[in-house]
Each structure stands twice: as C-alpha cells, then as structure tokens.
$ cat protein-v8.txt   # compact mmCIF, C-alpha atoms (C1' of nucleotides)
# COMPACT_ATOMS: atom_id res chain seq x y z
CA MET B 23 -16.31 25.52 1.77
CA GLY B 24 -16.12 26.70 -1.79
CA ALA B 25 -13.19 26.73 -4.16
CA SER B 26 -11.51 29.37 -2.04
CA GLU B 27 -7.85 30.10 -2.32
CA LEU B 28 -5.30 31.62 0.01
CA ARG B 29 -1.68 32.53 -0.26
CA LEU B 30 1.08 31.48 2.12
CA ARG B 31 4.51 33.00 2.33
CA VAL B 32 7.05 30.26 3.18
CA GLU B 33 10.77 30.96 3.27
CA GLY B 34 10.40 33.82 0.83
CA HIS B 35 8.21 31.96 -1.63
CA GLU B 36 4.57 32.85 -2.25
CA ILE B 37 2.51 29.67 -2.46
CA ALA B 38 -1.11 29.67 -3.63
CA VAL B 39 -3.08 27.17 -1.62
CA THR B 40 -5.90 25.87 -3.78
CA ASN B 41 -8.98 24.34 -2.16
CA PRO B 42 -7.59 24.60 1.40
CA ALA B 43 -10.82 23.24 2.89
CA LYS B 44 -10.98 20.17 0.70
CA LEU B 45 -11.03 17.08 2.91
CA LEU B 46 -8.20 14.70 2.02
CA PHE B 47 -9.02 12.42 4.97
CA SER B 48 -12.79 12.75 4.94
CA ASP B 49 -13.44 10.27 7.77
CA ASP B 50 -11.28 12.37 10.08
CA HIS B 51 -12.23 15.75 8.59
CA ILE B 52 -8.59 16.49 7.82
CA SER B 53 -8.33 19.15 5.15
CA LYS B 54 -5.60 19.95 2.67
CA TYR B 55 -4.84 23.03 4.74
CA GLU B 56 -4.22 20.86 7.79
CA LEU B 57 -1.83 18.67 5.77
CA ILE B 58 0.01 21.76 4.58
CA ASP B 59 0.15 23.17 8.10
CA TYR B 60 1.61 19.90 9.39
CA TYR B 61 4.35 19.75 6.76
CA ARG B 62 5.22 23.40 7.34
CA TRP B 63 5.57 22.68 11.05
CA VAL B 64 7.51 19.41 10.72
CA ALA B 65 9.86 20.61 7.99
CA PRO B 66 12.84 21.37 10.28
CA ARG B 67 12.81 17.81 11.62
CA MET B 68 11.95 16.10 8.36
CA LEU B 69 14.11 17.91 5.82
CA PRO B 70 17.43 16.29 6.85
CA PHE B 71 15.96 13.01 5.59
CA LEU B 72 14.82 14.49 2.27
CA ARG B 73 17.78 16.68 1.46
CA ASP B 74 19.58 16.10 -1.87
CA ARG B 75 17.54 13.04 -2.82
CA PRO B 76 15.25 12.41 -5.76
CA ILE B 77 11.64 12.37 -4.54
CA ALA B 78 8.60 10.49 -5.79
CA LEU B 79 5.20 11.95 -4.96
CA GLU B 80 2.24 9.88 -3.77
CA ARG B 81 -0.73 12.10 -4.55
CA TYR B 82 -4.45 11.99 -3.71
CA PRO B 83 -6.06 15.09 -5.22
CA ASN B 84 -9.52 13.78 -4.34
CA GLY B 85 -8.65 12.42 -0.92
CA ILE B 86 -7.55 8.98 0.25
CA GLY B 87 -11.00 7.53 -0.42
CA GLN B 88 -10.42 7.99 -4.14
CA VAL B 89 -7.75 6.54 -6.37
CA GLY B 90 -4.33 8.20 -6.02
CA PHE B 91 -1.14 7.91 -8.03
CA PHE B 92 2.63 7.97 -7.88
CA GLN B 93 4.39 10.72 -9.72
CA LYS B 94 8.11 10.76 -10.37
CA SER B 95 8.52 13.25 -13.19
CA VAL B 96 8.17 16.95 -12.43
CA PRO B 97 5.20 18.56 -14.23
CA SER B 98 6.08 21.57 -16.38
CA TYR B 99 3.88 23.87 -14.31
CA PHE B 100 5.98 23.52 -11.13
CA PRO B 101 7.70 26.86 -10.33
CA ASP B 102 11.39 27.17 -11.09
CA TRP B 103 12.31 27.54 -7.41
CA VAL B 104 11.45 23.84 -7.02
CA LYS B 105 14.83 22.29 -7.76
CA THR B 106 14.97 19.09 -9.78
CA ILE B 107 17.41 16.47 -10.98
CA GLU B 108 17.43 14.37 -14.11
CA VAL B 109 18.22 10.72 -13.37
CA GLU B 110 18.85 7.74 -15.58
CA LYS B 111 16.32 4.93 -15.48
CA LYS B 112 17.77 1.50 -15.03
CA GLN B 113 16.27 0.33 -18.34
CA GLY B 114 17.22 3.43 -20.31
CA GLY B 115 15.68 6.86 -20.62
CA VAL B 116 15.62 9.62 -18.04
CA THR B 117 13.23 11.11 -15.52
CA ARG B 118 13.39 14.53 -13.88
CA HIS B 119 12.60 14.31 -10.15
CA VAL B 120 11.85 16.91 -7.49
CA ILE B 121 14.50 17.68 -4.87
CA CYS B 122 13.02 18.82 -1.57
CA ASN B 123 15.60 20.82 0.35
CA ASN B 124 13.40 23.38 2.05
CA GLY B 125 10.05 23.92 3.69
CA ALA B 126 8.63 25.87 0.78
CA VAL B 127 8.94 22.86 -1.53
CA LEU B 128 7.42 20.58 1.10
CA VAL B 129 4.44 22.95 1.42
CA TYR B 130 4.15 23.27 -2.36
CA LEU B 131 4.04 19.47 -2.67
CA ALA B 132 1.39 19.25 0.04
CA ASN B 133 -0.74 21.67 -1.96
CA GLN B 134 -0.38 19.23 -4.84
CA ALA B 135 -2.13 16.76 -2.53
CA CYS B 136 1.12 14.89 -2.14
CA ILE B 137 0.29 13.09 1.10
CA THR B 138 3.54 11.10 1.13
CA PRO B 139 6.81 12.20 -0.47
CA HIS B 140 8.91 9.05 -0.98
CA ILE B 141 12.71 9.29 -0.94
CA TRP B 142 15.50 7.55 -2.78
CA ILE B 143 18.03 5.98 -0.42
CA SER B 144 20.91 7.52 -2.34
CA ARG B 145 21.77 11.19 -2.84
CA VAL B 146 22.18 13.23 -6.00
CA ASP B 147 25.98 13.45 -5.86
CA LYS B 148 26.36 9.66 -5.75
CA LEU B 149 23.15 8.07 -6.96
CA GLU B 150 24.67 4.62 -7.38
CA CYS B 151 25.66 4.22 -3.72
CA PRO B 152 22.94 4.13 -1.05
CA ASP B 153 23.59 5.92 2.23
CA GLN B 154 21.22 3.64 4.09
CA MET B 155 20.15 0.00 4.15
CA VAL B 156 16.42 -0.57 4.56
CA PHE B 157 14.55 -3.51 6.09
CA ASP B 158 10.80 -3.15 5.67
CA LEU B 159 9.02 -5.53 8.05
CA ASP B 160 5.46 -6.02 6.93
CA PRO B 161 2.94 -8.31 8.66
CA SER B 162 0.53 -10.34 6.56
CA ALA B 163 -2.37 -9.80 8.91
CA ASP B 164 -2.73 -8.29 12.34
CA ALA B 165 0.43 -9.87 13.74
CA PHE B 166 2.25 -6.86 15.06
CA ASP B 167 3.73 -8.82 18.00
CA TRP B 168 5.58 -10.84 15.37
CA VAL B 169 6.81 -7.67 13.71
CA ARG B 170 8.17 -6.35 17.01
CA ALA B 171 9.91 -9.66 17.72
CA ALA B 172 11.33 -9.74 14.20
CA ALA B 173 12.64 -6.18 14.46
CA LEU B 174 14.27 -6.89 17.82
CA ALA B 175 15.90 -10.06 16.47
CA LEU B 176 17.13 -8.15 13.44
CA ASN B 177 18.60 -5.44 15.65
CA GLU B 178 20.34 -8.05 17.77
CA LEU B 179 22.09 -9.51 14.73
CA LEU B 180 22.98 -6.06 13.36
CA GLN B 181 24.49 -5.15 16.74
CA GLU B 182 26.56 -8.35 16.66
CA LEU B 183 27.83 -7.15 13.31
CA THR B 184 28.60 -3.76 14.95
CA LEU B 185 26.12 -1.91 12.75
CA SER B 186 23.91 0.87 14.15
CA ALA B 187 20.26 0.30 13.35
CA TYR B 188 17.39 2.76 13.75
CA VAL B 189 13.73 1.83 13.91
CA LYS B 190 10.60 3.73 12.94
CA SER B 191 6.93 2.98 12.62
CA THR B 192 5.77 2.92 9.01
CA GLY B 193 2.50 4.67 9.86
CA SER B 194 0.84 1.68 8.28
CA ARG B 195 1.14 -1.93 9.51
CA GLY B 196 4.85 -2.55 9.99
CA LEU B 197 8.23 -1.22 11.03
CA HIS B 198 11.23 0.06 9.14
CA VAL B 199 14.74 -0.77 10.34
CA ILE B 200 17.37 1.50 8.81
CA VAL B 201 21.17 1.21 8.91
CA PRO B 202 23.00 4.41 7.89
CA LEU B 203 25.85 3.61 5.50
CA LYS B 204 29.00 5.15 4.20
CA ARG B 205 28.55 5.48 0.47
CA THR B 206 31.11 2.93 -0.60
CA GLU B 207 28.96 0.08 -1.88
CA SER B 208 26.66 -0.47 -4.83
CA PHE B 209 22.96 -1.18 -4.45
CA GLU B 210 23.63 -4.75 -5.58
CA SER B 211 26.11 -5.47 -2.78
CA VAL B 212 24.02 -3.67 -0.14
CA ARG B 213 20.96 -5.63 -1.20
CA ALA B 214 22.90 -8.90 -1.14
CA PHE B 215 24.09 -8.09 2.37
CA ALA B 216 20.56 -7.18 3.50
CA ARG B 217 19.26 -10.40 2.00
CA ALA B 218 21.85 -12.48 3.88
CA VAL B 219 21.06 -10.74 7.18
CA ALA B 220 17.33 -11.11 6.63
CA MET B 221 17.74 -14.77 5.68
CA ARG B 222 19.47 -15.49 8.96
CA VAL B 223 16.80 -13.72 11.03
CA VAL B 224 14.02 -15.44 9.09
CA MET B 225 15.60 -18.83 9.74
CA GLU B 226 15.56 -18.21 13.50
CA GLU B 227 11.75 -18.27 13.43
CA PRO B 228 10.62 -19.56 10.04
CA SER B 229 7.02 -20.01 11.10
CA GLN B 230 6.71 -16.27 11.77
CA ARG B 231 9.00 -14.72 9.13
CA THR B 232 9.50 -14.98 5.39
CA LEU B 233 11.32 -13.50 2.42
CA GLN B 234 8.53 -14.53 0.03
CA GLN B 235 7.35 -11.55 -1.95
CA ARG B 236 4.14 -13.19 -3.22
CA THR B 237 1.41 -12.59 -0.67
CA GLY B 238 -0.04 -16.04 -1.32
CA SER B 239 3.20 -17.67 -0.15
CA ARG B 240 3.53 -15.77 3.11
CA HIS B 241 0.99 -17.75 5.13
CA GLY B 242 0.50 -15.08 7.75
CA ARG B 243 4.21 -14.51 8.31
CA VAL B 244 6.09 -11.21 8.55
CA PHE B 245 7.54 -10.27 5.17
CA PHE B 246 11.15 -9.01 5.26
CA ASP B 247 11.17 -6.69 2.26
CA ILE B 248 14.79 -6.02 1.30
CA ASN B 249 13.99 -5.04 -2.28
CA ARG B 250 13.80 -1.35 -1.46
CA ASN B 251 17.62 -1.53 -1.50
CA ALA B 252 17.72 -0.93 -5.23
CA TYR B 253 18.45 1.90 -7.64
CA ALA B 254 15.49 4.26 -8.15
CA GLN B 255 13.45 2.55 -5.44
CA THR B 256 11.91 4.64 -2.70
CA VAL B 257 10.82 4.50 0.91
CA ALA B 258 8.62 6.68 3.09
CA PRO B 259 10.87 8.96 5.16
CA PRO B 260 10.58 9.81 8.86
CA TYR B 261 7.63 12.13 9.62
CA ALA B 262 5.84 11.30 6.37
CA VAL B 263 2.05 11.27 6.48
CA ARG B 264 0.57 8.04 5.17
CA ALA B 265 -2.56 7.70 3.08
CA ARG B 266 -4.25 5.81 5.88
CA PRO B 267 -7.09 6.34 8.33
CA ASN B 268 -6.28 9.04 10.91
CA ALA B 269 -3.41 10.41 8.81
CA SER B 270 -0.94 8.20 10.68
CA LEU B 271 2.76 9.01 10.48
CA SER B 272 6.04 7.21 10.07
CA ILE B 273 7.79 8.08 13.31
CA PRO B 274 11.30 7.48 14.72
CA LEU B 275 11.17 5.16 17.74
CA PHE B 276 13.44 4.12 20.57
CA TRP B 277 14.31 0.43 20.47
CA GLU B 278 12.95 0.24 24.01
CA GLU B 279 9.51 1.19 22.67
CA VAL B 280 9.61 -1.80 20.33
CA ARG B 281 9.69 -4.06 23.42
CA SER B 282 6.30 -2.72 24.50
CA LYS B 283 3.15 -4.68 23.63
CA THR B 284 1.28 -1.40 23.44
CA LEU B 285 3.32 -0.05 20.53
CA ARG B 286 1.27 0.45 17.36
CA PRO B 287 2.75 1.01 13.90
CA ASP B 288 0.09 3.62 13.13
CA GLY B 289 -0.27 5.02 16.61
CA VAL B 290 0.96 8.56 16.01
CA THR B 291 -1.01 10.82 13.74
CA LEU B 292 -0.79 14.24 12.20
CA ARG B 293 -2.95 15.45 15.09
CA ASP B 294 -1.01 13.69 17.90
CA ILE B 295 2.56 14.27 17.02
CA ARG B 296 3.09 17.65 18.63
CA LYS B 297 2.47 16.22 22.07
CA ARG B 298 4.66 13.17 21.40
CA LEU B 299 7.62 15.30 20.38
CA ASP B 300 7.19 17.93 23.08
CA GLY B 301 10.30 17.78 25.25
CA MET B 302 11.28 14.38 23.90
CA ILE B 303 14.81 13.45 22.92
CA ASP B 304 15.10 12.53 19.25
CA PRO B 305 15.53 8.74 19.02
CA TRP B 306 17.41 9.26 15.75
CA ALA B 307 19.60 12.16 16.94
CA ASP B 308 22.83 10.32 16.06
CA PHE B 309 21.62 8.88 12.76
CA TRP B 310 23.94 10.93 10.54
CA ARG B 311 26.99 10.27 12.74
CA ARG B 312 26.59 6.50 12.72
CA ALA B 313 27.22 5.62 9.09
CA SER B 314 28.98 2.27 8.68
CA ALA B 315 30.93 0.58 5.95
CA LEU B 316 29.95 -3.06 5.44
CA GLY B 317 33.41 -4.63 5.14
CA SER B 318 33.97 -5.87 8.66
CA ALA B 319 30.27 -6.65 9.13
CA ARG B 320 30.39 -8.81 6.02
CA ARG B 321 33.36 -10.75 7.35
CA LYS B 322 31.61 -11.27 10.69
CA LEU B 323 28.47 -12.45 8.93
CA GLU B 324 30.41 -14.96 6.89
CA LEU B 325 32.05 -16.25 10.08
CA LEU B 326 28.51 -17.03 11.22
CA GLY B 327 28.26 -19.30 8.19
CA VAL B 328 26.12 -16.99 6.07
CA SER B 329 27.05 -16.62 2.43
CA VAL B 330 26.89 -13.00 1.29
CA ARG B 331 27.12 -12.97 -2.44
CA VAL B 332 25.56 -10.96 -5.21
CA PRO B 333 23.43 -13.27 -7.35
CA GLN B 334 24.83 -13.24 -10.84
CA LYS B 335 22.37 -12.62 -13.60
CA ALA B 336 22.86 -15.42 -16.10
CA LYS B 337 24.07 -14.00 -19.36
CA PHE B 338 25.09 -16.40 -22.08
CA ARG B 339 26.05 -15.05 -25.48
C1' DG G 25 -4.08 19.29 -9.33
C1' DC G 26 -3.74 21.27 -13.51
C1' DA G 27 -3.82 22.39 -18.41
C1' DA G 28 -5.97 21.65 -22.68
C1' DT G 29 -10.16 21.11 -25.02
C1' DG G 30 -14.82 21.92 -26.42
C1' DA G 31 -19.58 23.51 -25.69
C1' DT Z 10 -17.06 30.63 -18.44
C1' DC Z 11 -17.74 26.08 -17.17
C1' DA Z 12 -17.48 21.01 -17.57
C1' DT Z 13 -14.92 17.28 -19.21
C1' DT Z 14 -10.90 14.71 -20.15
C1' DG Z 15 -6.19 13.04 -19.94
C1' DC Z 16 -2.41 12.63 -17.34
C1' DA Z 17 0.66 11.78 -13.42
C1' DA Z 18 6.21 4.99 -11.57
C1' DC Z 19 9.39 1.60 -11.77
C1' DG Z 20 12.66 -2.19 -10.13
C1' DC Z 21 12.95 -6.93 -8.34
C1' DC Z 22 11.69 -11.42 -8.60
C1' DA Z 23 9.11 -15.71 -9.33
C1' DA Z 24 5.89 -17.92 -12.39
C1' DT U 25 8.38 -12.40 -20.88
C1' DT U 26 4.84 -11.21 -17.81
C1' DG U 27 2.70 -9.75 -13.82
C1' DG U 28 2.57 -9.48 -8.50
C1' DC U 29 4.25 -6.62 -5.30
C1' DG U 30 5.67 -2.59 -2.65
$ encode --input "protein-v8.txt" --output "structure tokens"
Amino acid sequence: MGASELRLRVEGHEIAVTNPAKLLFSDDHISKYELIDYYRWVAPRMLPFLRDRPIALERYPNGIGQVGFFQKSVPSYFPDWVKTIEVEKKQGGVTRHVICNNGAVLVYLANQACITPHIWISRVDKLECPDQMVFDLDPSADAFDWVRAAALALNELLQELTLSAYVKSTGSRGLHVIVPLKRTESFESVRAFARAVAMRVVMEEPSQRTLQQRTGSRHGRVFFDINRNAYAQTVAPPYAVRARPNASLSIPLFWEEVRSKTLRPDGVTLRDIRKRLDGMIDPWADFWRRASALGSARRKLELLGVSVRVPQKAKFR
DNA sequence: GCAATGA
DNA sequence: TCATTGCAACGCCAA
DNA sequence: TTGGCG
C-alpha cells in the first residue's frame, strides 16, 4: 500500500487517482478507491440532484478520523473541464464554486477526498430562488422514534397544504423532508413559510420537538432546522456519503418506511446500497414533476391560524 | 490533496 | 529529492 | 457584535 497511482478514464476525461489504497474510513477498511468506485457507480442516480448547482466540498484527505474541512472556492489546480460559477456572497465579495454535472467531476472530487459534496438549494440560472424547501429533523440524542413521528406529522400537514414532500435518511442521525418548489419565491419567504409550518408541527408535541438552535436549549427534543433555506446554504444531497462510521449514505425513502420502528437514519452504507436499489422503484421518481408554488398553501396555512410573515430586520436611520 | 518552500 | 507547512466556509440567530 | 450551530 504505497503511494501508488492509477489512472481512470471517466466520460472521456483522464483522472489520476492518487493514493487509491489510502483508508478514508479506517475502522471499516474503506479506501479512497472504494469511495471513487461508489461515486462512479451512483452518478447516474445522483447527478440530477447536483446538476447546475453550486457545490461545497466536505473533504477528509487523511480520513474521517482526522480533522476535515469545508471548501467552497475552487482551487487553481482543478482542471478546466471542471465547470465553475462565480457567486456573490451575501455580505459582499465573490466565491467561485464547482458545478458537478457529470460523473467525471464527481470522481475527480472523490479523489480530492471529498466524502460529501453539499448542494445549494437553488440553481445557477436563478440563484435567488430555491427550487426546494428543506426541513432537517435532527434528534438531540438517540431518539429516532421521535424523529420518525415528527417527520410523519410534518408530512401530514404538508399534505393538508397540498404540497408534495419527499423524505430521505441523512446518513447520520436524522431525516430530511424536502418539498420541490417552483422557483417563484425568495429564500426569505420560503424560510418564513418553512418556519411557520415547523412551528405548527412543533406545537403539536412541544415536549418532543423544538425550533431552538442552541443545543443547550433543546432538552433532548428533535430540532427542526429550517435555516438551510437560505442563500448560499447547503444540504447533503441524495446518495451522498457521510463522514460517519460505515460510510453511511443519505438515501431516498418511501413514507411507508418511516412508519417502521426498524428504520435507521444511517442504515444504508456505501457497501449495502447496491442490494437495496436492486429492482426497487425509486421513491423519489416523481420529485422533479411535483414542484409547487406556495401561494395557495400559504393561504391554507393562514386559515389554520398560522401567521406566515417574513421577520423584518429592524433598520432605523 | 496539493503546491510552495527549504534543507 | 524529500519533509514540512499553509491552506481549504458562511449564513442565521440568540446572547 | 460575537459566537454557537449546522
């Protein structure tokens, strides 16, 4: 296992794989080559969720047992066939991000020890308007039954509002609930809507659910994180590998699976997934045909007595 | 992971 | 040539 | 304004 190197040809691009045998998940003996091989295999399913979005890289060059880092800006040594986009930061300045529209880029990123590529929830041709609304349900401790119940309650309300919601494991400790959107609303109004929905679901079971972002204020409850619904914020996409034991994955689920006590948020791994997907219908097959506008849903929500307003930043003088 | 730096 | 070092995010919100 | 948080 020396500093060997091999070359892969992916979609017409020659990619040098450095240190293929290096263990990125040392407890599980999962090498960088195995990560690369996974992303090459999963690319056809995963790429629709990456396409035309700025990407942030979560990298672990020395494996998940060592410190890793987030990387947004594209290093100058990336090859020119890796497409990029320059985006404005909210507080001024610009950053040039990777766009991952093909398997070659996904493989190249994996060779960079990018274990998880994180996506924006808006696309390059309309960065100010998200095409999905994200609810990240995160337990404080090992309370996954509460997460399942919270996700089901959230889905029930979203259905009442005639919104289509999709659920996936995070590959970590929680679940993601995603509503595909038409790109007609700003991040501020989408976030305000998500906050109002989350507030209502939290109030149904306040001893199990919270909107408190400080961990010390959660008291064991499930945190409804709606703050990913913001400009330049990112979320782990479907099929992403997580920097967790067993190389667990974020995986699309059927709502019916969320009713099962045996569901685990980290139960499918880089090594398991082929047998899960074999012959299985895609739970998210209709995702891109189900985009909603929020207008009528907002009116229905207000009829339920929930105020949906964008908090105004105080600005005197 | 990589490029720049220095021994 | 080899070993070391520096570098690689940012927005929301509550305190 | 800072710093926790994801």
$ residues_around --input "protein-v8.txt" --residues "DC26 (chain G)" --least-positions-apart "3" --cutoff "12 Å" --atoms "only C-alpha atoms (C1' of nucleotides)" --output "count of residues only"
13
$ atom_distance --input "protein-v8.txt" --atom1 "CA of Val263 (chain B)" --atom2 "CA of Arg81 (chain B)"
11.4 Å
$ interface_residues --input "protein-v8.txt" --of "chain U" --to "chain B" --cutoff "12 Å" --atoms "all atoms listed in the file" --output "PyMOL selection string"
chain U and resi 27-30
$ interface_residues --input "protein-v8.txt" --of "chain B" --to "chain Z" --cutoff "10 Å" --atoms "all atoms listed in the file" --output "list in words"
Ala78, Leu79, Glu80, Arg81, Gly90, Phe91, Phe92, Gln93, Lys94, Ser95, Val96, Pro97, Lys111, Lys112, Gln113, Gln234, Gln235, Arg236, Ile248, Asn249, Arg250, Asn251, Ala252, Tyr253, Ala254, Gln255 and Thr256 of chain B
$ atom_distance --input "protein-v8.txt" --atom1 "CA of His140 (chain B)" --atom2 "CA of Ala307 (chain B)"
21.1 Å
$ atom_distance --input "protein-v8.txt" --atom1 "CA of Arg243 (chain B)" --atom2 "CA of Pro228 (chain B)"
8.3 Å
$ residues_around --input "protein-v8.txt" --residues "region 285-301 of chain B" --least-positions-apart "2" --cutoff "9 Å" --atoms "all atoms listed in the file" --output "count of residues only"
28
$ residues_near_point --input "protein-v8.txt" --point "(16.3, -7.2, 17.3)" --cutoff "12 Å" --atoms "all atoms listed in the file" --output "VMD selection string"
chain B and resid 157 159 168 to 182 186 to 189 197 199 219 to 220 223 to 224 226 277 to 278 280 to 281
$ residues_around --input "protein-v8.txt" --residues "Gly242 (chain B)" --least-positions-apart "5" --cutoff "9 Å" --atoms "all atoms listed in the file" --output "ChimeraX atom specification"
/B:161-165,229-231,237
$ residues_near_point --input "protein-v8.txt" --point "(18.6, 12.3, -13.7)" --cutoff "9 Å" --atoms "only C-alpha atoms (C1' of nucleotides)" --output "list in words"
Pro76, Thr106, Ile107, Glu108, Val109, Glu110, Lys111, Val116, Thr117, Arg118, His119 and Val146 of chain B
